[in-house]
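First the structure, in the form of structure tokens, and then the observations on it.
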Amino acid sequence: MEERYLLGNEAIAHACLEVPVDFVTGYPGTPSSEVIDVLRSRENRPSHVEWSVNEKVALENALAAAWCGLRALCTMKHVGLNVAADPLMTSAYTGVTGGFVIMSADDPFAHSSQNEQDSRCYAHFAKVPCLDPSTIQEAHDMARDAFSLSEEFGLPVILRPTTRICHSKGDVALGPVAVPDRKGEFRKDPRQYVVIPAHTRILHKKLNEKQPAIKKRLVALGYNTCSVKGKRLVVASGIAATYVQEMLPEGVSFMKIGAYPIDESWMRDFVRRHESVLVIEELAPEVEEQVRQVAGDIPVHGKKDGYVPYEGEFSLPIVAGIMTKAGILAKNPCREAAPVQNLPPRPPILCAGCLHRATFYAIRRVFRDAIYPSDIGCYTLGLQLGVVDTTICMGASITVASGIAKSGEPRDVVCTIGDSTFLHTGIQGLLNAVYNGGDITVVILDNRITAMTGHQPNPNTGITACGDASVPVSLDAICRACGVTFVETVDPYDLTSMLQVLGEAKSRKGVKVIIAKQQCVITAKRTGIKRGRYTVDAGACTACGTCIRFGCPAIEKGEEDKARISDLCSGCGVCAQICPTGAIVKGGKR
Amino acid sequence: MSGPGFNVLIVGIGGQGTILASNILGEACLIEHRHVKGAETHGMAQRGGSVESHIRIDGIYGPLIAPAHADLLISFDLLESLRYSHYLKSDGIIVANRHLVLPTSVYTQDLEAPAESGIVDALKKYRLCLLDADRIAQEAGSPLSANVIMLGAASHTLPLAPESLVEAVRRLVPKKTIEVNVRAFEMGRAAGDSCR
């Protein structure tokens, strides 16, 4: 047994190597991405590891591998499960032969997400087991056990770590890595795999019949436990369980829920031994609803009576406050501490030299009074530049743009979408806009990579997850095939061309696509591209503030409010093109 | 809550190497066969934003440190020291890099730029150890070693043997940079000696 200090996602990846997993698919999304990033970089990796183009595609590929008897893993963030929900729901009917684990990483507090949905609800909805780790060690152990559980019941299993598991670290005991050697074989069985009405009605009944045995098994596995210490009971799940355990006083019972569906009779037996119950879980009241169902007339505190918040991420102080209000703690053990007020915020920002800043600048110059729907990626940070008016989910920039333009809104509509997001779910929106006579300008922010989640390759990059060469897809050809006739590819560092092409798009009717193509500045740096720095000629600078408003982190205000360029400069040269007095020039040490 | 653990918060700006620093502490705990829990910032928030790593040495429960419960704040940027100072216990210690990067918001939103002297005064209600990690890193031979300099300076306060920390540095930095980083640790440790 080996002990290592690992990120939750690294621990999950290691468990998959121990199983061993044969087939891995997924789409990057914080906080889930590192699982595949670890697996794809290992020498002894699973037989097949891919970054798929979206979560639906990923889930279907992995499901098919599990139908062929392989052990398959499919990873995504919580909102990815919405995209994959269609195959998920029916995969519970068809079942699997090889172990199939869907890791859907939730993000309470929406650290890096558009909502705070709870994947446990999906498991409930789809009637598949769900494992919800509270520690890094448990994340590892559950990932390992999820595959045997899946094989035992012939069902997909959802592993649902949250951000504070995925991106937390701890000392973890690991098992030995095994070498995958299975070969898939598809055994034809239309009654299982062809879900026509006559078949699916029977499959649904079979799925329902599996449930009682699953509940019993999850208790036997030891992921749902209860220690009776008194007449008051605290029930907790996920990471919230560790906060409770850290502060739980003597003489209070503790029930920890880590696996779903919960066995009601087991729960009823423990709950009924108490005089009051407090349920503490992040996000949806999945556990609480069940506790309330079995509690009879025993008072239950939780979300439904205002003791516990429905939203956000918990912490020691929040849980301490809940436990104090419920009388479990006599005195709140957390000290009051307010942060220092009025400090200038330091939010994440587009990098110095990022192509998106240059593109947004040009869009603003040409389309002064327009509506700017945008999408999910680093470029959502364009909000700070005033060029992001909407974001809802992956691929929704083009569709929202079409809808706004069709609504009678008189202003121009210019939307932005990244290359990976366009390939994920953007193409259909473009196709639809052309088909239905849209009048919008679409700017594809093409940085050749899925940057925000950690620079994963996509079909536009020209390499696969495991580093093999692939044919880079032509965004131009895709757009033309969708019926777009105005498709122009421009380098956003070339401001003059960018402004000219945007101007031309503005003057035309119909769906226009501009592909703003330039490598992500981080990958450019990694591949050794050096452009040389720019510097400000203080004699020529009039302190007009134009470059400051450009918002590049490399441009600071120096003496007499004149601009100064710091060593963050990556040499894109766009500021030199926007300076009205020509005061920004190439030079300065590198 | 008031267990035997030692809580360290490492803060800075995305890209300054807070994650490597926290990994070194975690590895040093493994070397000493001690439990450890940590939490850090990943994803988009890393793009030049304010970042934090929590490390709970001897921690067995959750990874997050509650405000007013950190024993040690290691800060790679002076403004970030102040932003997270409320995490410290009243008798906690700050080991901070003098370096101050003004956030772009100061320029784009015309906010008041905090002065170094004002920040230092505000931090003085805690035990404060200030050093110029960037200059020392240059002297050590690599500007990228500032994070290891900071750990060296903080090593007087950490409940981990310096030998364990050095061994952790050796295990975790790129092979070619072991020598320069070990030197950085020793130089940081010497620099931190004066403000123990």
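Naming works like this for the structure tokens: A, B, ... for the chains as they're shown, residue 1 at the start of each chain, ligands 1 onward in shown order.
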
Practice task
Please identify all polymer residues within 10 Å of B:Gly62, counting only C-alpha atoms, omitting same-chain residues fewer than 6 positions from it, and present them as number ranges by chain.
Solution key: A: 134-136, 164-165, 168-170, 239-246, 315-316; B: 36-39, 56

Handout entry: Distance query A:Pro472 at most 6 Å, only C-alpha atoms, self and fewer than 4 positions along chain excluded, as an MDAnalysis selection string
Key = chainID A and resid 459:462

Practice task
Determine which residues of stretch 43-218 of chain A DSSP labels as alpha helix (DSSP H) from the backbone of this structure, then write them out as an MDAnalysis selection string.
Solution key: chainID A and resid 55:67 78:83 85:94 119:126 136:153 163:166 190:193 197:218

Exercise for the section: Measure the distance from atom CA of A:Gly571 to atom CA of A:Lys530 in Å and round it to one decimal. Expected result: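 A separation of 7.8 Å between them.
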
Using only C-alpha atoms, which residues of chain B come within 8 Å of chain A, and what is the closest atom pair for each, with the distance in Å to one decimal? Give it as JSON lines, sorted by chain and residue number.
```
{"residue": "B:Met1", "atom": "CA", "partner": "A:Glu246", "partner_atom": "CA", "distance": 5.9}
{"residue": "B:Asn23", "atom": "CA", "partner": "A:Tyr5", "partner_atom": "CA", "distance": 7.6}
{"residue": "B:Gly26", "atom": "CA", "partner": "A:Tyr5", "partner_atom": "CA", "distance": 6.0}
{"residue": "B:Glu27", "atom": "CA", "partner": "A:Tyr5", "partner_atom": "CA", "distance": 6.2}
{"residue": "B:Leu30", "atom": "CA", "partner": "A:Arg4", "partner_atom": "CA", "distance": 7.0}
{"residue": "B:His35", "atom": "CA", "partner": "A:Asp171", "partner_atom": "CA", "distance": 6.1}
{"residue": "B:Val36", "atom": "CA", "partner": "A:Gly170", "partner_atom": "CA", "distance": 5.5}
{"residue": "B:Lys37", "atom": "CA", "partner": "A:Gly170", "partner_atom": "CA", "distance": 4.4}
{"residue": "B:Gly38", "atom": "CA", "partner": "A:Lys169", "partner_atom": "CA", "distance": 4.6}
{"residue": "B:Ala39", "atom": "CA", "partner": "A:Ser168", "partner_atom": "CA", "distance": 4.0}
{"residue": "B:Glu40", "atom": "CA", "partner": "A:His167", "partner_atom": "CA", "distance": 6.1}
{"residue": "B:Thr41", "atom": "CA", "partner": "A:His167", "partner_atom": "CA", "distance": 7.3}
{"residue": "B:His42", "atom": "CA", "partner": "A:His167", "partner_atom": "CA", "distance": 7.0}
{"residue": "B:Gly43", "atom": "CA", "partner": "A:Thr453", "partner_atom": "CA", "distance": 5.6}
{"residue": "B:Met44", "atom": "CA", "partner": "A:Met452", "partner_atom": "CA", "distance": 5.6}
{"residue": "B:Ala45", "atom": "CA", "partner": "A:Pro348", "partner_atom": "CA", "distance": 5.1}
{"residue": "B:Gln46", "atom": "CA", "partner": "A:Pro348", "partner_atom": "CA", "distance": 6.4}
{"residue": "B:Arg47", "atom": "CA", "partner": "A:Pro348", "partner_atom": "CA", "distance": 4.9}
{"residue": "B:Gly48", "atom": "CA", "partner": "A:Pro348", "partner_atom": "CA", "distance": 5.2}
{"residue": "B:Gly49", "atom": "CA", "partner": "A:Pro348", "partner_atom": "CA", "distance": 3.8}
{"residue": "B:Ser50", "atom": "CA", "partner": "A:Arg346", "partner_atom": "CA", "distance": 5.5}
{"residue": "B:Tyr61", "atom": "CA", "partner": "A:Thr242", "partner_atom": "CA", "distance": 5.1}
{"residue": "B:Gly62", "atom": "CA", "partner": "A:Thr242", "partner_atom": "CA", "distance": 5.2}
{"residue": "B:Pro63", "atom": "CA", "partner": "A:Ser168", "partner_atom": "CA", "distance": 6.6}
{"residue": "B:Leu64", "atom": "CA", "partner": "A:Ser315", "partner_atom": "CA", "distance": 7.1}
{"residue": "B:Ile65", "atom": "CA", "partner": "A:Leu316", "partner_atom": "CA", "distance": 7.8}
{"residue": "B:Ala66", "atom": "CA", "partner": "A:Leu316", "partner_atom": "CA", "distance": 6.0}
{"residue": "B:Pro67", "atom": "CA", "partner": "A:Ala337", "partner_atom": "CA", "distance": 5.9}
{"residue": "B:Ala68", "atom": "CA", "partner": "A:Ala337", "partner_atom": "CA", "distance": 5.8}
{"residue": "B:His69", "atom": "CA", "partner": "A:Arg335", "partner_atom": "CA", "distance": 7.8}
{"residue": "B:Leu82", "atom": "CA", "partner": "A:Val340", "partner_atom": "CA", "distance": 7.0}
{"residue": "B:Arg83", "atom": "CA", "partner": "A:Val340", "partner_atom": "CA", "distance": 6.2}
{"residue": "B:Tyr84", "atom": "CA", "partner": "A:Pro339", "partner_atom": "CA", "distance": 6.9}
{"residue": "B:Ser85", "atom": "CA", "partner": "A:Pro339", "partner_atom": "CA", "distance": 7.3}
{"residue": "B:His86", "atom": "CA", "partner": "A:Pro339", "partner_atom": "CA", "distance": 5.3}
{"residue": "B:Tyr87", "atom": "CA", "partner": "A:Ala337", "partner_atom": "CA", "distance": 7.2}
{"residue": "B:Pro103", "atom": "CA", "partner": "A:Arg346", "partner_atom": "CA", "distance": 5.5}
{"residue": "B:Thr104", "atom": "CA", "partner": "A:Pro553", "partner_atom": "CA", "distance": 5.5}
{"residue": "B:Ser105", "atom": "CA", "partner": "A:Pro344", "partner_atom": "CA", "distance": 6.7}
{"residue": "B:Val106", "atom": "CA", "partner": "A:Pro344", "partner_atom": "CA", "distance": 6.4}
{"residue": "B:Tyr107", "atom": "CA", "partner": "A:Ile548", "partner_atom": "CA", "distance": 6.6}
{"residue": "B:Thr108", "atom": "CA", "partner": "A:Arg549", "partner_atom": "CA", "distance": 5.6}
{"residue": "B:Leu111", "atom": "CA", "partner": "A:Pro344", "partner_atom": "CA", "distance": 6.6}
{"residue": "B:Glu112", "atom": "CA", "partner": "A:Pro344", "partner_atom": "CA", "distance": 7.4}
{"residue": "B:Ala113", "atom": "CA", "partner": "A:Pro344", "partner_atom": "CA", "distance": 7.5}
{"residue": "B:Pro114", "atom": "CA", "partner": "A:Leu343", "partner_atom": "CA", "distance": 7.7}
```

Exercise for the section: Give the answer as one residue: which of B:Gly188, B:Pro162, B:Gly118, B:Pro143 has the shortest atom-to-atom distance to B:Gly17, using only C-alpha atoms? Expected result: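 Nearest to B:Gly17: B:Pro143.
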
Practice task
Tell me which of A:Arg191, A:Lys256, A:Lys562, A:Lys512 sits closest to A:Thr489, counting only C-alpha atoms.
Solution key: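 Answer, going by the shortest atom-to-atom distance: A:Lys512.
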
Problem - Shell of 9 Å around A:Leu73, only C-alpha atoms, local chain residues under 6 positions omitted, as a list in words - result: Cys16, Val21, Asp22, Phe23, Val24, Thr25, Gly26, Leu59, Ala62, Leu63, Ala66, Gly99, Phe100, Val101, Ile102, Met103 and Phe147 of chain A

Can you write just those residues out, N, CA and C atoms, as a tab-separated table (two decimals), in the first residue's frame?
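Wrote it out as out-v5.tsv, contents follow:
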```
chain	number	residue	atom	x	y	z
A	16	CYS	N	-9.09	4.39	-10.64
A	16	CYS	CA	-9.46	3.83	-11.95
A	16	CYS	C	-8.33	2.97	-12.52
A	21	VAL	N	-9.60	0.41	-15.22
A	21	VAL	CA	-10.59	0.85	-16.19
A	21	VAL	C	-10.00	0.69	-17.59
A	22	ASP	N	-10.85	0.28	-18.54
A	22	ASP	CA	-10.37	0.06	-19.91
A	22	ASP	C	-10.61	1.24	-20.82
A	23	PHE	N	-11.71	1.94	-20.59
A	23	PHE	CA	-12.22	2.87	-21.61
A	23	PHE	C	-12.66	4.15	-20.92
A	24	VAL	N	-12.09	5.28	-21.33
A	24	VAL	CA	-12.37	6.54	-20.64
A	24	VAL	C	-12.76	7.62	-21.64
A	25	THR	N	-13.86	8.30	-21.35
A	25	THR	CA	-14.28	9.42	-22.19
A	25	THR	C	-14.69	10.57	-21.28
A	26	GLY	N	-14.81	11.76	-21.86
A	26	GLY	CA	-15.29	12.89	-21.07
A	26	GLY	C	-15.14	14.17	-21.82
A	59	LEU	N	-20.77	10.10	-23.12
A	59	LEU	CA	-21.51	9.08	-22.38
A	59	LEU	C	-21.90	7.92	-23.30
A	62	ALA	N	-18.86	5.68	-24.05
A	62	ALA	CA	-18.47	4.86	-22.90
A	62	ALA	C	-19.52	3.79	-22.62
A	63	LEU	N	-20.79	4.15	-22.80
A	63	LEU	CA	-21.87	3.19	-22.58
A	63	LEU	C	-21.70	2.00	-23.53
A	66	ALA	N	-19.11	-0.27	-22.32
A	66	ALA	CA	-19.59	-1.06	-21.19
A	66	ALA	C	-20.55	-2.15	-21.67
A	99	GLY	N	-18.46	-2.71	-15.93
A	99	GLY	CA	-18.73	-1.63	-14.98
A	99	GLY	C	-18.72	-0.28	-15.68
A	100	PHE	N	-19.72	0.54	-15.39
A	100	PHE	CA	-19.82	1.85	-16.05
A	100	PHE	C	-20.04	2.92	-14.98
A	101	VAL	N	-19.07	3.81	-14.86
A	101	VAL	CA	-19.15	4.87	-13.86
A	101	VAL	C	-19.17	6.22	-14.55
A	102	ILE	N	-20.16	7.01	-14.20
A	102	ILE	CA	-20.27	8.38	-14.71
A	102	ILE	C	-19.88	9.30	-13.57
A	103	MET	N	-18.76	9.99	-13.74
A	103	MET	CA	-18.37	10.96	-12.72
A	103	MET	C	-18.93	12.31	-13.11
A	147	PHE	N	-17.22	0.54	-9.68
A	147	PHE	CA	-17.19	-0.37	-10.84
A	147	PHE	C	-17.75	-1.75	-10.49
```

Exercise for the section: For each of A:Asp141, A:Asp263, A:Asp305, A:Glu60, take the minimum atom-to-atom distance to A:Val219, counting only C-alpha atoms, then give the residue where this is smallest. Expected result: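 Answer, going by the shortest atom-to-atom distance: A:Asp263.
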
Exercise for the section: Have a look at atom CA of B:Asp71 and atom CA of B:Val101 and let me know their distance in Å, one decimal. Expected result: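 Computing the Euclidean distance for atom CA of B:Asp71 and atom CA of B:Val101 yields 25.0 Å.
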
Problem - Residues of chain B in strand (DSSP E), written as a ChimeraX atom specification - result: /B:6-13,36-40,50-57,70-75,88-97,127-131

Saved selection, atoms kept: C-alpha atoms, as an mmCIF file, in the first residue's frame:
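This is the output file result.cif:
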```cif
data_model
loop_
_atom_site.group_PDB
_atom_site.id
_atom_site.type_symbol
_atom_site.label_atom_id
_atom_site.label_comp_id
_atom_site.auth_asym_id
_atom_site.auth_seq_id
_atom_site.Cartn_x
_atom_site.Cartn_y
_atom_site.Cartn_z
ATOM 1 C CA PHE B 6 -1.602 23.480 12.485
ATOM 2 C CA ASN B 7 -3.391 25.573 9.857
ATOM 3 C CA VAL B 8 -1.438 27.239 7.058
ATOM 4 C CA LEU B 9 -2.974 29.531 4.453
ATOM 5 C CA ILE B 10 -0.871 30.273 1.383
ATOM 6 C CA VAL B 11 -2.150 33.171 -0.755
ATOM 7 C CA GLY B 12 -1.033 34.982 -3.856
ATOM 8 C CA ILE B 13 -1.902 35.664 -7.462
ATOM 9 C CA VAL B 36 -2.692 16.432 6.104
ATOM 10 C CA LYS B 37 -5.631 18.027 4.305
ATOM 11 C CA GLY B 38 -5.569 20.836 1.788
ATOM 12 C CA ALA B 39 -7.793 22.824 -0.556
ATOM 13 C CA GLU B 40 -6.866 25.085 -3.405
ATOM 14 C CA SER B 50 -6.453 36.110 -6.150
ATOM 15 C CA VAL B 51 -5.738 32.497 -5.109
ATOM 16 C CA GLU B 52 -5.607 30.639 -1.809
ATOM 17 C CA SER B 53 -4.352 27.251 -0.647
ATOM 18 C CA HIS B 54 -5.443 25.876 2.690
ATOM 19 C CA ILE B 55 -3.228 23.278 4.379
ATOM 20 C CA ARG B 56 -4.191 21.633 7.636
ATOM 21 C CA ILE B 57 -1.171 19.807 9.019
ATOM 22 C CA ALA B 70 -5.004 29.979 10.767
ATOM 23 C CA ASP B 71 -1.720 29.702 12.601
ATOM 24 C CA LEU B 72 0.357 30.914 9.678
ATOM 25 C CA LEU B 73 -0.310 33.016 6.591
ATOM 26 C CA ILE B 74 2.277 32.740 3.831
ATOM 27 C CA SER B 75 1.684 35.422 1.245
ATOM 28 C CA LEU B 88 -5.275 34.445 11.158
ATOM 29 C CA LYS B 89 -5.657 33.715 14.835
ATOM 30 C CA SER B 90 -4.907 36.798 16.926
ATOM 31 C CA ASP B 91 -1.489 35.349 17.745
ATOM 32 C CA GLY B 92 -0.908 34.035 14.209
ATOM 33 C CA ILE B 93 2.120 34.944 12.117
ATOM 34 C CA ILE B 94 2.363 36.363 8.601
ATOM 35 C CA VAL B 95 5.319 35.558 6.389
ATOM 36 C CA ALA B 96 4.895 37.902 3.443
ATOM 37 C CA ASN B 97 6.711 38.816 0.291
ATOM 38 C CA ARG B 127 3.404 39.006 14.061
ATOM 39 C CA LEU B 128 4.811 40.004 10.711
ATOM 40 C CA CYS B 129 7.825 38.689 8.851
ATOM 41 C CA LEU B 130 8.470 40.632 5.644
ATOM 42 C CA LEU B 131 11.028 39.667 3.064
#
```

Handout entry: Counting only C-alpha atoms, the residue of A:Asp106, A:Glu10, A:Glu488, A:Glu18 that sits nearest A:Val179
Key = A:Glu18

Completion exercise
For B:Gly152, the closest of B:Met187, B:Ala168, B:Val120, B:Val180 counting only C-alpha atoms is B:Met187

Do a neighbour search on A:Arg368 at 12 Å with only C-alpha atoms, toss out local chain neighbours closer than 2 positions, and write the hits as a compact mmCIF listing (two decimals) with N, CA and C atoms, in the first residue's frame.
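Dumped everything to out-v3.txt:
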```txt
# COMPACT_ATOMS: atom_id res chain seq x y z
N PHE A 360 -12.48 41.39 -28.64
CA PHE A 360 -13.55 42.16 -27.99
C PHE A 360 -13.37 43.66 -28.26
N TYR A 361 -12.13 44.12 -28.21
CA TYR A 361 -11.85 45.54 -28.46
C TYR A 361 -12.35 45.93 -29.86
N ALA A 362 -12.02 45.09 -30.83
CA ALA A 362 -12.42 45.38 -32.21
C ALA A 362 -13.95 45.35 -32.37
N ILE A 363 -14.58 44.38 -31.71
CA ILE A 363 -16.05 44.28 -31.79
C ILE A 363 -16.68 45.57 -31.25
N ARG A 364 -16.16 46.04 -30.13
CA ARG A 364 -16.69 47.26 -29.53
C ARG A 364 -16.50 48.47 -30.43
N ARG A 365 -15.37 48.48 -31.11
CA ARG A 365 -15.09 49.63 -31.98
C ARG A 365 -16.08 49.66 -33.14
N VAL A 366 -16.38 48.50 -33.72
CA VAL A 366 -17.22 48.45 -34.92
C VAL A 366 -18.71 48.45 -34.56
N ALA A 370 -24.61 47.43 -29.74
CA ALA A 370 -25.10 46.13 -30.19
C ALA A 370 -25.40 45.25 -28.98
N ILE A 371 -26.01 44.10 -29.24
CA ILE A 371 -26.24 43.12 -28.18
C ILE A 371 -25.17 42.04 -28.36
N TYR A 372 -24.56 41.64 -27.25
CA TYR A 372 -23.42 40.71 -27.33
C TYR A 372 -23.68 39.40 -26.57
N GLY A 386 -17.27 44.73 -21.09
CA GLY A 386 -18.58 45.19 -21.56
C GLY A 386 -19.03 44.56 -22.87
N VAL A 387 -18.51 43.38 -23.20
CA VAL A 387 -18.84 42.76 -24.49
C VAL A 387 -19.49 41.39 -24.29
N ARG A 411 -31.26 46.57 -32.60
CA ARG A 411 -29.80 46.72 -32.64
C ARG A 411 -29.13 45.49 -33.26
N ASP A 412 -27.92 45.69 -33.73
CA ASP A 412 -27.14 44.56 -34.25
C ASP A 412 -26.91 43.53 -33.14
N VAL A 413 -26.81 42.27 -33.53
CA VAL A 413 -26.50 41.22 -32.56
C VAL A 413 -25.20 40.54 -32.98
N VAL A 414 -24.22 40.60 -32.10
CA VAL A 414 -22.90 40.01 -32.38
C VAL A 414 -22.57 39.05 -31.25
N LEU A 502 -14.92 43.06 -39.58
CA LEU A 502 -16.11 43.29 -38.76
C LEU A 502 -17.02 44.33 -39.42
N GLY A 503 -16.40 45.35 -39.99
CA GLY A 503 -17.16 46.40 -40.68
C GLY A 503 -17.94 45.83 -41.85
N LYS A 506 -20.87 43.88 -40.62
CA LYS A 506 -21.91 44.80 -40.13
C LYS A 506 -22.77 45.31 -41.30
```

Practice task
Have a look at A:Val585, A:Asp389, A:Gly353, A:Leu475 and name the one nearest to A:Cys572; count only C-alpha atoms.
Solution key: A:Gly353

Practice task
Tell me, as number ranges by chain, which residues lie within 9 Å of A:Cys226, counting only C-alpha atoms; anything in the same chain fewer than 6 positions away does not count.
Solution key: A: 235, 253-257, 267, 270

Selection file, N, CA and C atoms, as a tab-separated table (two decimals), in the first residue's frame:
```
chain	number	residue	atom	x	y	z
A	235	VAL	N	-27.67	14.25	10.87
A	235	VAL	CA	-27.46	13.50	9.63
A	235	VAL	C	-26.72	14.41	8.66
A	253	SER	N	-25.82	11.64	18.39
A	253	SER	CA	-25.66	10.58	17.37
A	253	SER	C	-25.34	11.19	16.02
A	254	PHE	N	-24.70	10.39	15.17
A	254	PHE	CA	-24.30	10.90	13.85
A	254	PHE	C	-24.59	9.87	12.78
A	255	MET	N	-25.33	10.29	11.76
A	255	MET	CA	-25.60	9.43	10.61
A	255	MET	C	-24.92	10.04	9.40
A	256	LYS	N	-24.12	9.24	8.73
A	256	LYS	CA	-23.44	9.75	7.54
A	256	LYS	C	-23.99	9.04	6.31
A	257	ILE	N	-24.43	9.84	5.34
A	257	ILE	CA	-24.96	9.29	4.09
A	257	ILE	C	-23.95	9.54	2.98
A	267	MET	N	-32.88	3.48	7.55
A	267	MET	CA	-32.91	4.85	8.04
A	267	MET	C	-33.98	5.04	9.10
A	270	PHE	N	-32.95	3.83	12.59
A	270	PHE	CA	-32.05	4.70	13.35
A	270	PHE	C	-32.72	6.02	13.73
```

Completion exercise
Students should find that atom CA of A:Asn82 and atom CA of A:Cys393 are spaced 10.1 Å
